[in-house]
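Asker: Take this structure first; my questions come after.
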Amino acid sequence: MTPVFGFLFPGQGSQSVGMGKLLYDSSPTVQALYKEATDILGYDVGALCFEGPSEQLNRTEYTQPALLVTSLAAFQLVKDGPLRPAAVAGHSLGEYTALVAAGAVQFREAVMLVQKRGHYMAEAVVPGSGLVAAVLGLSETDVRIVCQEAGTVGIVAPANFNSPGQTVIAGEKAAVERAADLAKTRGAKRVIPLPVSVPVHTPLMQVAADRLKKDIDSLQWSDLKVPLVNNVEAQALSSAEEVRGSLVRQLPSPVRWQETIQAMSRMGITHFVEIGPGKVLTGLVKRIVPEAVRWNVMDQESYAHVLSHCS
């Protein structure tokens, strides 16, 4: 059977100090990519990715451009190679990386856009007032119920439906902590705080979404060369107009990642390639579509491994 590839791009939580260094050291193309991002953003993106400090790298306004650039650095390895995607998808911030890969928006515009997205998100809530946590071992229905019950304390909502038994919740700190306690009472195996500095994909982000819409609408978008299966509805999008609206809706809405991967599987995709730092999405695919082949590409060695299995 001929492999059908889907490319996946990671979001916040996949960042780590040192990411992209091997790519940077061995590729003038990647060095130029980081330099261009540095010129756009006004700080040394490579130094932040390679050396940290992690406290700064984990702040959303810095995480987003850093992950976008590093994932697109990894994409340089595959973009002219034999792997051709039938569709792309990205987890939250990764959706912007996927859109660059699909030819919908230029690198420069995407870097500027995600920097603004990060700033708007950070400014939408008082620093330290939000919390994001992964709930393991509880059904989607039960997670919705505990968020509703904890809503008496403050705003908390499901933010990412990642895989069977893994849902991320986010919102105001006290409400998330209350939901975490309720989740454990209902039988959750674990509740793990995540290194994400703002409660994205909750109603708290509507203000940020309204601000971001103006920036999205001001950019030049192109129709996609390959379809994007989006976060909000888990539907395949191909037109620039569809993408613009989807990105605005994405911020205050949950990421339907499990349905995204299921939709890609129904499209006939048999091989999922996570492009960028970490293996978070590869692990989620394993839980969602166990029969699928899963690879990640984050440096030359991992790409060589993929090619050796495709020849």
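Labels used: A, B, ... for chains in the order of the structure tokens, numbers from 1 for residues in each chain, and numbers from 1 for ligands as shown.
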Find the spatial neighbours of region 141-158 of chain A, counting only C-alpha atoms, within a cut-off of 10 Å - ignore same-chain residues fewer than 3 positions away - and output them as a ChimeraX atom specification.

Answerer: /A:130-138,161,165-188,199-204,253-255

Asker: As a PyMOL selection string, which residues of region 188-267 of chain A does DSSP assign to helix (DSSP H, G or I)?

Answerer: chain A and resi 203-218+240-250+257-266

Asker: For the residues in the current selection, export C-alpha atoms as a compact mmCIF listing (two decimals), in the first residue's frame.

Answerer:
```
# COMPACT_ATOMS: atom_id res chain seq x y z
CA PRO A 203 -13.76 32.56 26.41
CA LEU A 204 -11.06 34.66 28.16
CA MET A 205 -9.39 34.94 24.73
CA GLN A 206 -12.32 36.61 22.92
CA VAL A 207 -10.79 40.07 23.43
CA ALA A 208 -7.52 38.84 21.92
CA ALA A 209 -9.41 37.27 19.01
CA ASP A 210 -11.18 40.55 18.25
CA ARG A 211 -7.83 42.37 18.14
CA LEU A 212 -6.18 39.64 16.06
CA LYS A 213 -8.96 39.72 13.43
CA LYS A 214 -7.80 43.14 12.22
CA ASP A 215 -4.25 41.89 11.73
CA ILE A 216 -5.39 38.69 10.00
CA ASP A 217 -7.64 40.65 7.64
CA SER A 218 -4.86 43.11 6.79
CA ALA A 240 -7.85 31.88 2.02
CA GLU A 241 -11.25 33.18 3.10
CA GLU A 242 -12.02 30.03 5.12
CA VAL A 243 -8.62 30.19 6.82
CA ARG A 244 -8.98 33.81 7.92
CA GLY A 245 -12.27 33.16 9.69
CA SER A 246 -11.03 29.90 11.21
CA LEU A 247 -7.98 31.56 12.81
CA VAL A 248 -10.15 34.17 14.52
CA ARG A 249 -12.54 31.53 15.87
CA GLN A 250 -9.61 29.40 17.01
CA TRP A 257 -7.29 17.59 18.01
CA GLN A 258 -8.69 14.10 18.38
CA GLU A 259 -11.31 14.86 15.71
CA THR A 260 -8.66 16.52 13.53
CA ILE A 261 -6.54 13.36 13.42
CA GLN A 262 -9.63 11.19 12.90
CA ALA A 263 -10.66 13.43 9.97
CA MET A 264 -7.19 13.11 8.42
CA SER A 265 -7.37 9.35 8.81
CA ARG A 266 -10.73 9.32 7.01
```

Asker: Determine, for each residue of region 72-146 of chain A having at least one atom at most 12 Å from an atom of region 43-46 of chain A, the closest pair of atoms and their separation in Å to one decimal, counting only C-alpha atoms; order by chain and ascending number, as a tab-separated table.

Answerer:
```
residue	atom	partner	partner_atom	distance
A:Ala73	CA	A:Gly46	CA	11.1
A:Val111	CA	A:Val45	CA	11.0
A:Gln115	CA	A:Val45	CA	11.8
```

Asker: Could you save those same residues with N, CA and C atoms as an mmCIF file, in the first residue's frame?

Answerer:
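So the final result, stored in again_32.cif, reads:
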```cif
data_model
loop_
_atom_site.group_PDB
_atom_site.id
_atom_site.type_symbol
_atom_site.label_atom_id
_atom_site.label_comp_id
_atom_site.auth_asym_id
_atom_site.auth_seq_id
_atom_site.Cartn_x
_atom_site.Cartn_y
_atom_site.Cartn_z
ATOM 1 N N ALA A 73 12.099 25.686 10.517
ATOM 2 C CA ALA A 73 13.487 25.267 10.282
ATOM 3 C C ALA A 73 13.539 23.770 9.987
ATOM 4 N N VAL A 111 5.442 35.355 11.112
ATOM 5 C CA VAL A 111 6.222 35.700 12.312
ATOM 6 C C VAL A 111 5.628 36.930 12.994
ATOM 7 N N GLN A 115 3.625 36.918 16.727
ATOM 8 C CA GLN A 115 4.102 37.792 17.789
ATOM 9 C C GLN A 115 2.947 38.623 18.348
#
```

Asker: Would you mind reading off the distance between CA of Cys310 (chain A) and CA of Ala98 (chain A), one decimal, in Å?

Answerer: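 Separation of CA of Cys310 (chain A) and CA of Ala98 (chain A): 22.1 Å.
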
Asker: Name the closest residue to Val125 (chain A) among the candidates A:Phe50, A:Val198, A:Leu228, A:Glu233; distances are taken between atoms, counting only C-alpha atoms.

Answerer: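 Residue with the minimum atom-to-atom distance to Val125 (chain A): A:Val198.
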
Asker: Near Ile275 (chain A), within 12 Å and counting only C-alpha atoms, which residues show up once chain neighbours fewer than 2 positions away are dropped, as a ChimeraX atom specification?

Answerer: /A:6-11,14,20,67-79,83,85,88-91,94,97-98,101,272-273,277-282,294-300,302-303,306

Asker: Per DSSP on the backbone, what are the strand (DSSP E or B) residues of region 220-256 of chain A, as a ChimeraX atom specification?

Answerer: /A:228-229,236-237,255

Asker: Write the residues you've just listed into a file as a compact mmCIF listing (two decimals), in the first residue's frame, and include N, CA and C atoms for each of them.

Answerer:
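Generated output (out11.txt):
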```txt
# COMPACT_ATOMS: atom_id res chain seq x y z
N LEU A 228 -5.75 22.22 4.85
CA LEU A 228 -5.50 22.26 6.28
C LEU A 228 -6.74 21.72 6.99
N VAL A 229 -6.56 20.75 7.86
CA VAL A 229 -7.66 20.30 8.73
C VAL A 229 -7.58 21.15 9.99
N ALA A 236 -11.52 20.13 6.59
CA ALA A 236 -10.48 20.45 5.63
C ALA A 236 -10.79 21.78 4.95
N LEU A 237 -9.87 22.73 5.06
CA LEU A 237 -10.02 24.05 4.46
C LEU A 237 -8.99 24.22 3.34
N VAL A 255 -9.46 23.35 20.96
CA VAL A 255 -8.78 22.64 19.88
C VAL A 255 -9.31 21.21 19.84
```

Asker: With region 219-226 of chain A as the partner and 7 Å as the cut-off, tabulate the residues of region 61-175 of chain A that qualify, each row holding the nearest pair of atoms and their distance in Å to one decimal, using only C-alpha atoms, sorted by chain and rising number, as a Markdown table.

Answerer:
```
| residue | atom | partner | partner_atom | distance |
| --- | --- | --- | --- | --- |
| A:Ala86 | CA | A:Val226 | CA | 6.4 |
| A:Ala87 | CA | A:Val226 | CA | 5.5 |
| A:Ala102 | CA | A:Lys225 | CA | 5.4 |
| A:Gly103 | CA | A:Leu224 | CA | 5.7 |
| A:Ala104 | CA | A:Ser222 | CA | 4.6 |
| A:Val105 | CA | A:Trp221 | CA | 5.4 |
```

Asker: Looking at only C-alpha atoms, which of A:Lys21, A:His271, A:Arg190, A:Arg287 is the one that sits closest to Met1 (chain A)?

Answerer: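 Using only C-alpha atoms, the shortest distance to Met1 (chain A) belongs to A:His271.
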
Asker: Can you tell me how far CA of Val289 (chain A) sits from CA of Ala66 (chain A), in Å to one decimal?

Answerer: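 We find that CA of Val289 (chain A) and CA of Ala66 (chain A) lie 29.1 Å from each other.
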
Asker: Please compute the CA of Leu194 (chain A)-CA of Gln12 (chain A) distance, one decimal, in Å.

Answerer: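 Calculated distance between CA of Leu194 (chain A) and CA of Gln12 (chain A) is 9.5 Å.
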
Asker: Quick one: of A:Ile269, A:Val232, A:Leu23, A:Val285, who's nearest to Glu95 (chain A), counting only C-alpha atoms?

Answerer: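 Selected residue with least distance to Glu95 (chain A): A:Val232.
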